[in-house]
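Asks: What follows is target.pdb, PDB, C-alpha atoms.
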```
ATOM      1  CA  LEU A  52     197.277 -34.320  61.788
ATOM      2  CA  PHE A  53     194.464 -35.947  59.826
ATOM      3  CA  ILE A  54     191.816 -34.458  62.167
ATOM      4  CA  ILE A  55     193.275 -30.969  61.698
ATOM      5  CA  PHE A  56     193.281 -31.409  57.917
ATOM      6  CA  VAL A  57     189.627 -32.575  57.913
ATOM      7  CA  THR A  58     188.584 -29.704  60.198
ATOM      8  CA  VAL A  59     190.312 -27.094  58.030
ATOM      9  CA  SER A  60     188.846 -28.636  54.866
ATOM     10  CA  LEU A  61     185.315 -28.596  56.285
ATOM     11  CA  GLY A  62     185.799 -24.999  57.437
ATOM     12  CA  VAL A  63     186.933 -23.913  53.952
ATOM     13  CA  MET A  64     184.050 -25.765  52.287
ATOM     14  CA  ASN A  65     181.608 -24.180  54.715
ATOM     15  CA  LEU A  66     183.011 -20.745  53.866
ATOM     16  CA  ILE A  67     182.710 -21.395  50.130
ATOM     17  CA  LEU A  68     179.154 -22.635  50.556
ATOM     18  CA  ALA A  69     178.257 -19.517  52.565
ATOM     19  CA  VAL A  70     179.584 -17.284  49.768
ATOM     20  CA  ILE A  71     177.608 -19.219  47.139
ATOM     21  CA  VAL A  72     174.396 -18.995  49.168
ATOM     22  CA  GLU A  73     174.910 -15.259  49.751
ATOM     23  CA  ARG A  74     175.417 -14.623  46.014
ATOM     24  CA  ALA A  75     172.316 -16.610  45.153
ATOM     25  CA  THR A  76     170.265 -14.643  47.689
ATOM     26  CA  GLU A  77     171.495 -11.330  46.251
ATOM     27  CA  ALA A  78     170.692 -12.484  42.712
ATOM     28  CA  ARG A  79     167.189 -13.527  43.760
ATOM     29  CA  GLU A  80     166.525 -10.174  45.461
ATOM     30  CA  ASN A  81     167.766  -8.250  42.408
ATOM     31  CA  ASP A  82     165.620 -10.404  40.143
ATOM     32  CA  HIS A  83     162.564  -9.787  42.339
ATOM     33  CA  GLU A  84     163.139  -6.013  42.274
ATOM     34  CA  ARG A  85     163.560  -6.082  38.487
ATOM     35  CA  LYS A  86     160.326  -8.047  38.119
ATOM     36  CA  LEU A  87     158.452  -5.537  40.308
ATOM     37  CA  LYS A  88     159.761  -2.610  38.256
ATOM     38  CA  ARG A  89     158.825  -4.336  35.010
ATOM     39  CA  LYS A  90     155.353  -5.134  36.338
ATOM     40  CA  ASP A  91     154.905  -1.523  37.457
ATOM     41  CA  MET A  92     155.947  -0.268  34.008
ATOM     42  CA  GLU A  93     153.526  -2.685  32.345
ATOM     43  CA  ARG A  94     150.727  -1.530  34.651
ATOM     44  CA  ASN A  95     151.466   2.124  33.841
ATOM     45  CA  LYS A  96     151.439   1.375  30.109
ATOM     46  CA  THR A  97     148.182  -0.519  30.535
ATOM     47  CA  MET A  98     146.625   2.467  32.323
ATOM     48  CA  VAL A  99     147.726   4.850  29.530
ATOM     49  CA  ASP A 100     146.238   2.480  26.953
ATOM     50  CA  PHE A 101     143.119   2.246  29.097
ATOM     51  CA  ALA A 102     142.766   6.058  29.222
ATOM     52  CA  LYS A 103     143.045   6.190  25.417
ATOM     53  CA  LEU A 104     140.366   3.524  25.080
ATOM     54  CA  CYS A 105     138.079   5.406  27.461
ATOM     55  CA  HIS A 106     138.609   8.552  25.407
ATOM     56  CA  ASP A 107     137.604   6.625  22.278
ATOM     57  CA  MET A 108     134.498   5.269  24.060
ATOM     58  CA  ASP A 109     133.456   8.761  25.197
ATOM     59  CA  ALA A 110     130.705   9.141  22.592
ATOM     60  CA  ASP A 111     129.597  12.627  23.642
ATOM     61  CA  GLY A 112     133.152  13.962  24.124
ATOM     62  CA  SER A 113     132.418  15.098  27.682
ATOM     63  CA  GLY A 114     135.639  13.755  29.217
ATOM     64  CA  SER A 115     133.635  11.310  31.257
ATOM     65  CA  LEU A 116     131.904   7.998  30.728
ATOM     66  CA  SER A 117     128.372   7.025  31.513
ATOM     67  CA  LEU A 118     127.527   3.478  32.483
ATOM     68  CA  ASP A 119     125.989   2.933  29.032
ATOM     69  CA  GLU A 120     129.192   4.118  27.328
ATOM     70  CA  MET A 121     131.239   1.760  29.481
ATOM     71  CA  LEU A 122     128.970  -1.194  28.815
ATOM     72  CA  SER A 123     128.927  -0.481  25.073
ATOM     73  CA  GLY A 124     132.702  -0.241  25.139
ATOM     74  CA  TYR A 125     132.852  -3.602  26.865
ATOM     75  CA  ASP A 126     130.522  -5.136  24.262
ATOM     76  CA  GLU A 127     131.994  -3.485  21.155
ATOM     77  CA  ASN A 128     135.660  -2.774  21.892
ATOM     78  CA  ASP A 129     137.859  -5.883  22.038
ATOM     79  CA  SER A 130     140.835  -3.977  23.466
ATOM     80  CA  PHE A 131     138.748  -2.558  26.313
ATOM     81  CA  ARG A 132     137.306  -5.989  27.080
ATOM     82  CA  LYS A 133     140.805  -7.552  27.075
ATOM     83  CA  LEU A 134     142.079  -4.913  29.514
ATOM     84  CA  MET A 135     139.108  -5.561  31.752
ATOM     85  CA  ASP A 136     139.790  -9.298  31.522
ATOM     86  CA  ILE A 137     143.418  -8.725  32.570
ATOM     87  CA  MET A 138     142.069  -7.067  35.721
ATOM     88  CA  ASP A 139     139.424  -9.808  36.124
ATOM     89  CA  ILE A 140     136.587  -7.330  35.700
ATOM     90  CA  LYS A 141     133.544  -8.912  34.106
ATOM     91  CA  ARG A 142     130.694  -7.095  32.402
ATOM     92  CA  GLU A 143     128.435  -7.593  35.412
ATOM     93  CA  ASP A 144     131.085  -6.026  37.694
ATOM     94  CA  MET A 145     131.187  -2.801  35.696
ATOM     95  CA  ALA A 146     127.925  -1.447  37.114
ATOM     96  CA  THR A 147     129.148  -1.981  40.670
ATOM     97  CA  ILE A 148     132.491  -0.308  39.981
ATOM     98  CA  PHE A 149     130.703   2.546  38.223
ATOM     99  CA  ARG A 150     128.410   3.143  41.209
ATOM    100  CA  VAL A 151     131.370   3.229  43.584
ATOM    101  CA  LEU A 152     133.257   5.721  41.423
ATOM    102  CA  ASP A 153     130.238   7.912  40.701
ATOM    103  CA  GLU A 154     130.453   9.625  44.079
ATOM    104  CA  ASP A 155     128.256  12.583  43.140
ATOM    105  CA  CYS A 156     125.619  10.325  41.518
ATOM    106  CA  SER A 157     125.824  12.381  38.310
ATOM    107  CA  GLY A 158     125.657   9.291  36.130
ATOM    108  CA  GLU A 159     129.129   9.965  34.708
ATOM    109  CA  VAL A 160     132.685   9.246  35.794
ATOM    110  CA  SER A 161     135.737  11.052  34.464
ATOM    111  CA  TYR A 162     137.695   8.428  32.578
ATOM    112  CA  ILE A 163     140.976   9.877  33.822
ATOM    113  CA  GLU A 164     139.712   9.453  37.382
ATOM    114  CA  PHE A 165     138.382   6.004  36.488
ATOM    115  CA  CYS A 166     141.854   4.979  35.289
ATOM    116  CA  GLN A 167     143.511   6.422  38.393
ATOM    117  CA  HIS A 168     141.126   4.589  40.719
ATOM    118  CA  LEU A 169     141.629   1.270  38.942
ATOM    119  CA  ALA A 170     145.396   1.761  39.065
ATOM    120  CA  SER A 171     145.291   2.572  42.774
ATOM    121  CA  PHE A 172     143.067  -0.440  43.472
ATOM    122  CA  TRP A 173     145.533  -2.641  41.622
ATOM    123  CA  GLU A 174     148.546  -1.173  43.454
ATOM    124  CA  ARG A 175     146.952  -1.542  46.896
ATOM    125  CA  ASP A 176     145.625  -5.029  46.475
ATOM    126  CA  PRO A 177     145.878  -6.915  43.172
ATOM    127  CA  VAL A 178     143.610  -9.618  44.616
ATOM    128  CA  MET A 179     140.841  -7.079  45.280
ATOM    129  CA  LEU A 180     139.733  -7.032  41.656
ATOM    130  CA  GLN A 181     139.830 -10.804  41.302
TER     131      GLN A 181
END
```
Please go through the file and, once you have read it, give me the structure as structure tokens.
Replies:
Amino acid sequence: LFIIFVTVSLGVMNLILAVIVERATEARENDHERKLKRKDMERNKTMVDFAKLCHDMDADGSGSLSLDEMLSGYDENDSFRKLMDIMDIKREDMATIFRVLDEDCSGEVSYIEFCQHLASFWERDPVMLQ
């Protein structure tokens, strides 16, 4: 009788433990999804802010940025520099990124396109810009 009681007790405890573990796993997955959504929203807001900053840095109003405009923005605009720092882009990296994005070698990059490329880089591989 004692052995049956112990076996049933262990079975019930095992069942309770399984339910607790399952609930914890579900909570962790939901938390992870919520964090990803929040991070995506923050990234989108950052890209909108970034587009506004690029517009402000566009000295000639052409809708695109030259390398000089980008470098001056980095030197003179604290908000632009902070956004670049968030993405681990240093001043010396800006020329390389500019050359990659200036596909037609016109010396200018549309700042909307610039923002889209940075966002897509970040979505594909956040480590790539680090």
Asks: Near A:Phe101, counting all atoms listed in the file, which residues have an atom at most 9 Å away, once you skip same-chain residues fewer than 2 positions from it, shown as JSON, numbers by chain?
Replies: {"A": [96, 97, 98, 99, 103, 104, 105, 106, 130, 131, 134, 162, 166]}
Asks: Could you tell me how far atom CA of A:Phe149 sits from atom CA of A:Ala170, in Å to one decimal place?
Replies: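 So the two atoms, atom CA of A:Ala170 and atom CA of A:Phe149, lie 14.7 Å apart.
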Asks: Can you turn the PyMOL selection byres ((chain A and resi 143-147) around 12) into a concrete residue list for this file, as an mmCIF file with C-alpha atoms, keeping the file's coordinate frame?
Replies:
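Wrote part.cif, looks like this:
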```cif
data_model
loop_
_atom_site.group_PDB
_atom_site.id
_atom_site.type_symbol
_atom_site.label_atom_id
_atom_site.label_comp_id
_atom_site.auth_asym_id
_atom_site.auth_seq_id
_atom_site.Cartn_x
_atom_site.Cartn_y
_atom_site.Cartn_z
ATOM 1 C CA LEU A 116 131.904 7.998 30.728
ATOM 2 C CA SER A 117 128.372 7.025 31.513
ATOM 3 C CA LEU A 118 127.527 3.478 32.483
ATOM 4 C CA ASP A 119 125.989 2.933 29.032
ATOM 5 C CA GLU A 120 129.192 4.118 27.328
ATOM 6 C CA MET A 121 131.239 1.760 29.481
ATOM 7 C CA LEU A 122 128.970 -1.194 28.815
ATOM 8 C CA SER A 123 128.927 -0.481 25.073
ATOM 9 C CA GLY A 124 132.702 -0.241 25.139
ATOM 10 C CA TYR A 125 132.852 -3.602 26.865
ATOM 11 C CA ASP A 126 130.522 -5.136 24.262
ATOM 12 C CA ARG A 132 137.306 -5.989 27.080
ATOM 13 C CA MET A 135 139.108 -5.561 31.752
ATOM 14 C CA ASP A 136 139.790 -9.298 31.522
ATOM 15 C CA MET A 138 142.069 -7.067 35.721
ATOM 16 C CA ASP A 139 139.424 -9.808 36.124
ATOM 17 C CA ILE A 140 136.587 -7.330 35.700
ATOM 18 C CA LYS A 141 133.544 -8.912 34.106
ATOM 19 C CA ARG A 142 130.694 -7.095 32.402
ATOM 20 C CA ILE A 148 132.491 -0.308 39.981
ATOM 21 C CA PHE A 149 130.703 2.546 38.223
ATOM 22 C CA ARG A 150 128.410 3.143 41.209
ATOM 23 C CA VAL A 151 131.370 3.229 43.584
ATOM 24 C CA LEU A 152 133.257 5.721 41.423
ATOM 25 C CA ASP A 153 130.238 7.912 40.701
ATOM 26 C CA GLY A 158 125.657 9.291 36.130
ATOM 27 C CA GLU A 159 129.129 9.965 34.708
ATOM 28 C CA VAL A 160 132.685 9.246 35.794
ATOM 29 C CA PHE A 165 138.382 6.004 36.488
ATOM 30 C CA LEU A 169 141.629 1.270 38.942
ATOM 31 C CA LEU A 180 139.733 -7.032 41.656
ATOM 32 C CA GLN A 181 139.830 -10.804 41.302
#
```
Asks: Do you have the atom CA of A:Cys156-atom CA of A:Asn128 distance handy?
Replies: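 Value for the atom CA of A:Cys156-atom CA of A:Asn128 distance: 25.6 Å.
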Asks: Hey, can you check how far atom CA of A:Ile163 sits from atom CA of A:Arg94?
Replies: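 Distance between the two atoms: 15.0 Å.
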Asks: If you take every atom of stretch 130-133 of chain A that the file lists and fit an axis-aligned box around them with 6 Å extra on each side, what centre and edge lengths come out in Å to one decimal, as JSON?
Replies:
```
{"center_x": 139.1, "center_y": -5.1, "center_z": 25.3, "size_x": 15.5, "size_y": 17.0, "size_z": 15.6}
```
